[in-house]
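Peer 1: Next up, work25.cif (mmCIF, C-alpha atoms).
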data_entry
#
loop_
_atom_site.label_atom_id
_atom_site.label_comp_id
_atom_site.auth_asym_id
_atom_site.auth_seq_id
_atom_site.Cartn_x
_atom_site.Cartn_y
_atom_site.Cartn_z
CA MET P 580 10.56 -41.51 116.38
CA SER P 581 9.96 -39.50 119.53
CA LEU P 582 11.08 -40.72 122.94
CA ILE P 583 8.45 -38.64 124.77
CA ASN P 584 6.51 -40.88 127.20
CA LYS P 585 8.89 -43.79 126.55
CA GLU P 586 9.33 -45.75 129.73
CA VAL P 587 12.97 -46.26 130.64
CA SER P 588 13.93 -49.92 130.26
CA GLU P 589 15.14 -52.02 133.18
CA PHE P 590 18.86 -51.52 133.79
CA SER P 591 21.59 -52.09 136.37
CA VAL P 592 24.80 -50.08 136.10
CA LYS P 593 27.69 -49.01 138.31
CA ALA P 594 28.23 -45.42 139.37
CA TYR P 595 30.86 -43.46 141.24
CA GLN P 596 29.52 -41.10 143.90
CA ASN P 597 31.00 -39.60 147.06
CA HIS P 598 34.16 -41.76 146.95
CA GLU P 599 32.19 -44.99 146.57
CA PHE P 600 31.00 -47.32 143.85
CA ARG P 601 27.29 -48.08 143.89
CA THR P 602 24.71 -49.78 141.72
CA ILE P 603 21.97 -47.75 140.04
CA THR P 604 18.85 -49.45 138.68
CA LYS P 605 15.54 -48.33 137.23
CA ASP P 606 14.10 -48.63 140.76
CA ASN P 607 16.25 -45.64 141.78
CA LEU P 608 14.29 -43.49 139.31
CA LEU P 609 10.80 -44.43 140.38
CA GLY P 610 9.00 -42.08 142.74
CA GLN P 611 11.21 -39.08 142.03
CA TRP P 612 12.22 -36.83 139.15
CA SER P 613 15.50 -37.63 137.41
CA VAL P 614 17.79 -36.12 134.82
CA PHE P 615 20.02 -38.36 132.71
CA PHE P 616 22.84 -36.21 131.39
CA PHE P 617 24.81 -38.12 128.73
CA TYR P 618 28.21 -36.81 127.65
CA PRO P 619 30.85 -38.23 125.27
CA ALA P 620 33.78 -39.08 127.55
CA ASP P 621 35.75 -38.37 130.69
CA PHE P 622 39.02 -36.42 130.44
CA THR P 623 37.71 -34.25 127.60
CA PHE P 624 37.09 -30.53 127.04
CA VAL P 625 33.44 -29.41 127.07
CA CYS P 626 32.28 -32.20 129.42
CA PRO P 627 33.96 -30.96 132.63
CA THR P 628 32.44 -27.49 132.18
CA GLU P 629 28.96 -29.01 131.89
CA LEU P 630 29.39 -31.38 134.82
CA GLU P 631 30.72 -28.59 137.03
CA ASP P 632 27.77 -26.38 136.02
CA LEU P 633 25.39 -29.19 137.06
CA GLU P 634 27.18 -29.55 140.41
CA ASN P 635 26.86 -25.81 141.00
CA HIS P 636 23.06 -26.27 140.64
CA TYR P 637 22.79 -29.70 142.28
CA ASP P 638 21.24 -28.40 145.51
CA ALA P 639 18.52 -26.63 143.52
CA PHE P 640 17.71 -29.87 141.64
CA ARG P 641 17.63 -31.82 144.93
CA LYS P 642 15.22 -29.26 146.44
CA LEU P 643 12.89 -30.12 143.56
CA GLY P 644 13.15 -33.82 144.39
CA CYS P 645 15.23 -34.40 141.27
CA GLU P 646 18.35 -36.57 141.06
CA ILE P 647 21.06 -35.94 138.48
CA TYR P 648 22.78 -38.87 136.77
CA SER P 649 25.68 -37.97 134.50
CA VAL P 650 26.35 -40.83 132.07
CA SER P 651 29.23 -41.69 129.76
CA CYS P 652 30.38 -44.93 128.18
CA ASP P 653 33.45 -44.92 130.44
CA THR P 654 33.76 -47.32 133.41
CA GLU P 655 33.21 -46.38 137.03
CA PHE P 656 36.99 -46.70 137.49
CA VAL P 657 37.60 -44.01 134.88
CA HIS P 658 35.02 -41.80 136.64
CA LYS P 659 36.95 -42.24 139.91
CA ALA P 660 40.29 -41.45 138.23
CA TRP P 661 38.82 -38.31 136.64
CA HIS P 662 37.31 -37.30 139.99
CA ASP P 663 40.73 -37.79 141.63
CA HIS P 664 42.64 -35.75 139.02
CA SER P 665 40.39 -32.89 137.93
CA GLU P 666 39.67 -29.89 140.13
CA ARG P 667 36.30 -29.37 138.43
CA ILE P 668 35.22 -33.01 138.61
CA ALA P 669 36.42 -33.39 142.22
CA LYS P 670 33.51 -31.13 143.22
CA ILE P 671 30.85 -33.51 141.85
CA THR P 672 28.58 -35.18 144.41
CA TYR P 673 25.84 -36.58 142.13
CA PRO P 674 26.16 -40.11 140.66
CA MET P 675 28.52 -40.48 137.71
CA VAL P 676 27.08 -43.48 135.86
CA ALA P 677 29.24 -45.91 133.92
CA ASP P 678 27.84 -47.35 130.68
CA PRO P 679 30.73 -49.36 129.15
CA THR P 680 28.30 -51.86 127.55
CA HIS P 681 26.39 -48.96 125.93
CA ALA P 682 23.07 -50.35 127.22
CA LEU P 683 21.83 -46.96 128.47
CA ALA P 684 23.16 -45.02 125.48
CA ARG P 685 21.33 -47.42 123.16
CA ASP P 686 18.10 -47.32 125.19
CA PHE P 687 18.11 -43.51 125.16
CA GLU P 688 19.15 -43.54 121.47
CA VAL P 689 22.27 -41.40 121.95
CA LEU P 690 24.98 -43.95 121.10
CA ILE P 691 27.40 -42.99 118.35
CA GLU P 692 28.06 -46.57 117.21
CA SER P 693 31.17 -45.80 115.18
CA ALA P 694 32.87 -44.07 118.12
CA GLY P 695 31.45 -46.04 121.05
CA LEU P 696 30.55 -42.72 122.69
CA ALA P 697 27.33 -40.99 123.69
CA GLU P 698 25.92 -37.82 122.17
CA ARG P 699 25.23 -34.88 124.52
CA GLY P 700 21.73 -36.03 125.41
CA THR P 701 19.70 -34.58 128.28
CA PHE P 702 16.59 -36.43 129.47
CA ILE P 703 14.06 -35.44 132.12
CA ILE P 704 12.31 -38.48 133.58
CA ASN P 705 9.12 -38.28 135.64
CA PRO P 706 8.46 -40.32 138.82
CA GLU P 707 6.77 -43.04 136.74
CA GLY P 708 10.04 -43.62 134.87
CA LYS P 709 8.92 -41.99 131.61
CA ILE P 710 10.84 -39.49 129.50
CA VAL P 711 8.93 -36.18 129.47
CA ALA P 712 11.55 -33.93 127.85
CA TYR P 713 14.83 -34.40 126.05
CA GLU P 714 17.37 -32.57 123.96
CA ILE P 715 20.38 -33.73 121.95
CA ASN P 716 23.25 -31.32 121.33
CA ALA P 717 26.15 -31.57 118.92
CA GLY P 718 29.34 -32.73 120.62
CA ASN P 719 30.93 -29.31 120.41
CA VAL P 720 28.05 -27.40 122.09
CA GLY P 721 27.81 -27.35 125.88
CA ARG P 722 24.56 -27.23 127.83
CA ASN P 723 23.23 -24.83 130.48
CA ALA P 724 22.15 -26.08 133.94
CA ASP P 725 20.00 -22.96 134.52
CA GLU P 726 17.83 -23.81 131.51
CA LEU P 727 17.70 -27.49 132.47
CA LEU P 728 16.54 -26.54 135.96
CA ARG P 729 13.80 -24.35 134.45
CA LYS P 730 12.68 -27.23 132.22
CA VAL P 731 12.47 -29.60 135.21
CA GLN P 732 10.36 -27.00 137.04
CA ALA P 733 8.05 -26.63 134.03
CA CYS P 734 7.72 -30.41 133.63
CA GLN P 735 6.86 -30.73 137.31
CA PHE P 736 4.30 -27.93 137.05
CA VAL P 737 2.42 -29.48 134.12
CA HIS P 738 2.66 -32.90 135.77
CA GLU P 739 0.82 -31.47 138.79
CA HIS P 740 -1.53 -29.16 136.84
CA GLY P 741 -2.55 -31.17 133.82
CA ASP P 742 -4.98 -28.51 132.58
CA GLU P 743 -2.32 -25.76 132.37
CA VAL P 744 0.70 -25.30 130.11
CA CYS P 745 3.89 -23.27 130.47
CA PRO P 746 4.61 -20.67 127.78
CA ALA P 747 8.08 -19.80 126.49
CA LYS P 748 10.55 -18.63 129.14
CA TRP P 749 8.11 -19.60 131.91
CA GLN P 750 9.54 -19.37 135.42
CA PRO P 751 7.96 -20.68 138.65
CA GLY P 752 5.27 -18.26 139.83
CA ALA P 753 4.75 -16.78 136.38
CA GLU P 754 1.45 -16.92 134.54
CA THR P 755 0.54 -20.15 132.77
CA LEU P 756 -2.04 -20.82 130.08
CA LYS P 757 -5.18 -22.94 130.14
CA PRO P 758 -5.72 -24.25 126.62
CA SER P 759 -9.21 -23.42 125.39
CA LEU P 760 -11.12 -22.40 122.33
CA ASP P 761 -10.93 -18.77 123.54
CA LEU P 762 -7.13 -18.79 123.22
CA VAL P 763 -7.04 -19.98 119.60
CA GLY P 764 -5.69 -17.09 117.57
CA ALA P 765 -5.66 -14.77 120.62
CA LEU P 766 -1.99 -15.14 121.43
#
Any chance you could put this one into structure tokens?
Peer 2:
Amino acid sequence: MSLINKEVSEFSVKAYQNHEFRTITKDNLLGQWSVFFFYPADFTFVCPTELEDLENHYDAFRKLGCEIYSVSCDTEFVHKAWHDHSERIAKITYPMVADPTHALARDFEVLIESAGLAERGTFIINPEGKIVAYEINAGNVGRNADELLRKVQACQFVHEHGDEVCPAKWQPGAETLKPSLDLVGAL
């Protein structure tokens, strides 16, 4: 079953951000674009490379009015310890969300029940709190923040211009398509 247009359920979780613990709820998502970036666990191998890549692009996401939420089934205390002991993770300024009860991982359907860990799931959420794009990767395949940024830009474009669509490899400023009978079989 597809999660496209699924409204994110109500939630309240702890996060570690900028040397503080804070609470994140569904209300934090409303009125802005968000990315939920699930990863299996802190203190692992592929995860720090992905989280560092996101941090390196964080300003670009923020300029789009998009918040990043990295999420694992670890606690906020583990996030702080990882932040304190890893050079890569020490750079992170976006919220690192704790999901030890697996409520978010279940709601986004990325929980690996037998392991108590999350799959590498990436979700773009619109300002109404609905999932508009998502991708699940195998645990041994890292993701690319450049491509995620492009997808957020494309989702924002079609959100604003409902009569246009973004073709493959679309970049901001590039030509879009207006679906019509004239285009059928012409591309």
Peer 1: Have a look at atom CA of Ser693 of chain P and atom CA of Ile603 of chain P and let me know their distance in Å, one decimal.
Peer 2: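 Between atom CA of Ser693 of chain P and atom CA of Ile603 of chain P the gap is 26.6 Å.
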Peer 1: Run the PyMOL selection byres ((chain P and resi 652-661) around 6) against the file shown and list the residues it catches, as a VMD selection string.
Peer 2: chain P and resid 594 to 595 651 662 to 665 677 to 679 696
Peer 1: Quick one, how far is atom CA of Glu726 of chain P from atom CA of Gly741 of chain P?
Peer 2: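 Interatomic distance, atom CA of Glu726 of chain P to atom CA of Gly741 of chain P: 21.8 Å.
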Peer 1: Can you list, as a VMD selection string, the residues that the PyMOL selection byres ((chain P and resi 682-684) around 9) selects here?
Peer 2: chain P and resid 588 590 592 617 650 to 652 678 to 681 685 to 691 696 to 698
Peer 1: Would you place a box with edges along x, y and z of the file around all atoms of segment 642-650 of chain P listed there, add 4 Å to each of its six sides, and report the centre and edge lengths in Å to one decimal, as lines of an AutoDock Vina configuration file?
Peer 2:
center_x = 19.6
center_y = -35.0
center_z = 139.3
size_x = 21.5
size_y = 19.6
size_z = 22.4
Peer 1: Pick out the closest residue to Ile703 of chain P from this set: P:Ala717, P:Ile671, P:Ile647, P:Val744. Count all atoms listed in the file.
Peer 2: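 Among the listed residues, the smallest separation from Ile703 of chain P belongs to P:Ile647.
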Peer 1: Evaluated on this file, the PyMOL selection byres ((chain P and resi 734) around 9) picks out some residues - which ones are they, written as a VMD selection string?
Peer 2: chain P and resid 703 705 711 to 712 729 to 733 735 to 739 745
Peer 1: Could you write out the selected residues, including C-alpha atoms, as a PDB file, in the coordinates of the input?
Peer 2:
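Here's the written file result05.pdb:
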ATOM      1  CA  ILE P 703      14.060 -35.440 132.120  1.00  0.00           C
ATOM      2  CA  ASN P 705       9.120 -38.280 135.640  1.00  0.00           C
ATOM      3  CA  VAL P 711       8.930 -36.180 129.470  1.00  0.00           C
ATOM      4  CA  ALA P 712      11.550 -33.930 127.850  1.00  0.00           C
ATOM      5  CA  ARG P 729      13.800 -24.350 134.450  1.00  0.00           C
ATOM      6  CA  LYS P 730      12.680 -27.230 132.220  1.00  0.00           C
ATOM      7  CA  VAL P 731      12.470 -29.600 135.210  1.00  0.00           C
ATOM      8  CA  GLN P 732      10.360 -27.000 137.040  1.00  0.00           C
ATOM      9  CA  ALA P 733       8.050 -26.630 134.030  1.00  0.00           C
ATOM     10  CA  GLN P 735       6.860 -30.730 137.310  1.00  0.00           C
ATOM     11  CA  PHE P 736       4.300 -27.930 137.050  1.00  0.00           C
ATOM     12  CA  VAL P 737       2.420 -29.480 134.120  1.00  0.00           C
ATOM     13  CA  HIS P 738       2.660 -32.900 135.770  1.00  0.00           C
ATOM     14  CA  GLU P 739       0.820 -31.470 138.790  1.00  0.00           C
ATOM     15  CA  CYS P 745       3.890 -23.270 130.470  1.00  0.00           C
TER      16      CYS P 745
END
Peer 1: Using only C-alpha atoms, which residue out of P:Asn584, P:Ser649, P:Thr755, P:Gln596 lies closest to Ser613 of chain P?
Peer 2: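 Once distances to Ser613 of chain P are computed over only C-alpha atoms, the minimum belongs to P:Ser649.
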Peer 1: To one decimal place in Å, what is the distance between atom CA of Val720 of chain P and atom CA of Cys645 of chain P?
Peer 2: 24.1 Å
Peer 1: Find the residues near Asn635 of chain P: any atom within 12 Å, counting only C-alpha atoms, skip ones fewer than 5 places away on the same chain, and give them as a ChimeraX atom specification.
Peer 2: /P:628-630,640-641,647,667-668,670-673,723-725,728
Peer 1: With distances taken over only C-alpha atoms, which residue among P:Asn597, P:Phe616, P:Glu589, P:Lys748 lies nearest Gly700 of chain P?
Peer 2: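 The closest residue to Gly700 of chain P is P:Phe616.
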Peer 1: Could you check which of P:Phe622, P:Trp749, P:Lys757, P:Glu707 is closest to Glu666 of chain P, using all atoms listed in the file?
Peer 2: P:Phe622
Peer 1: Go through P:Glu586, P:Glu646, P:Asp742, P:Glu599 one by one, measure the shortest atom-to-atom distance of each to Leu633 of chain P using all atoms listed in the file, and give the residue with the smallest value.
Peer 2: P:Glu646
Peer 1: From the set P:Ile704, P:Ala669, P:Leu582, P:Ala753, which residue has the shortest atom-to-atom contact distance to Glu634 of chain P, counting all atoms listed in the file?
Peer 2: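 Using all atoms listed in the file, the shortest distance to Glu634 of chain P belongs to P:Ala669.
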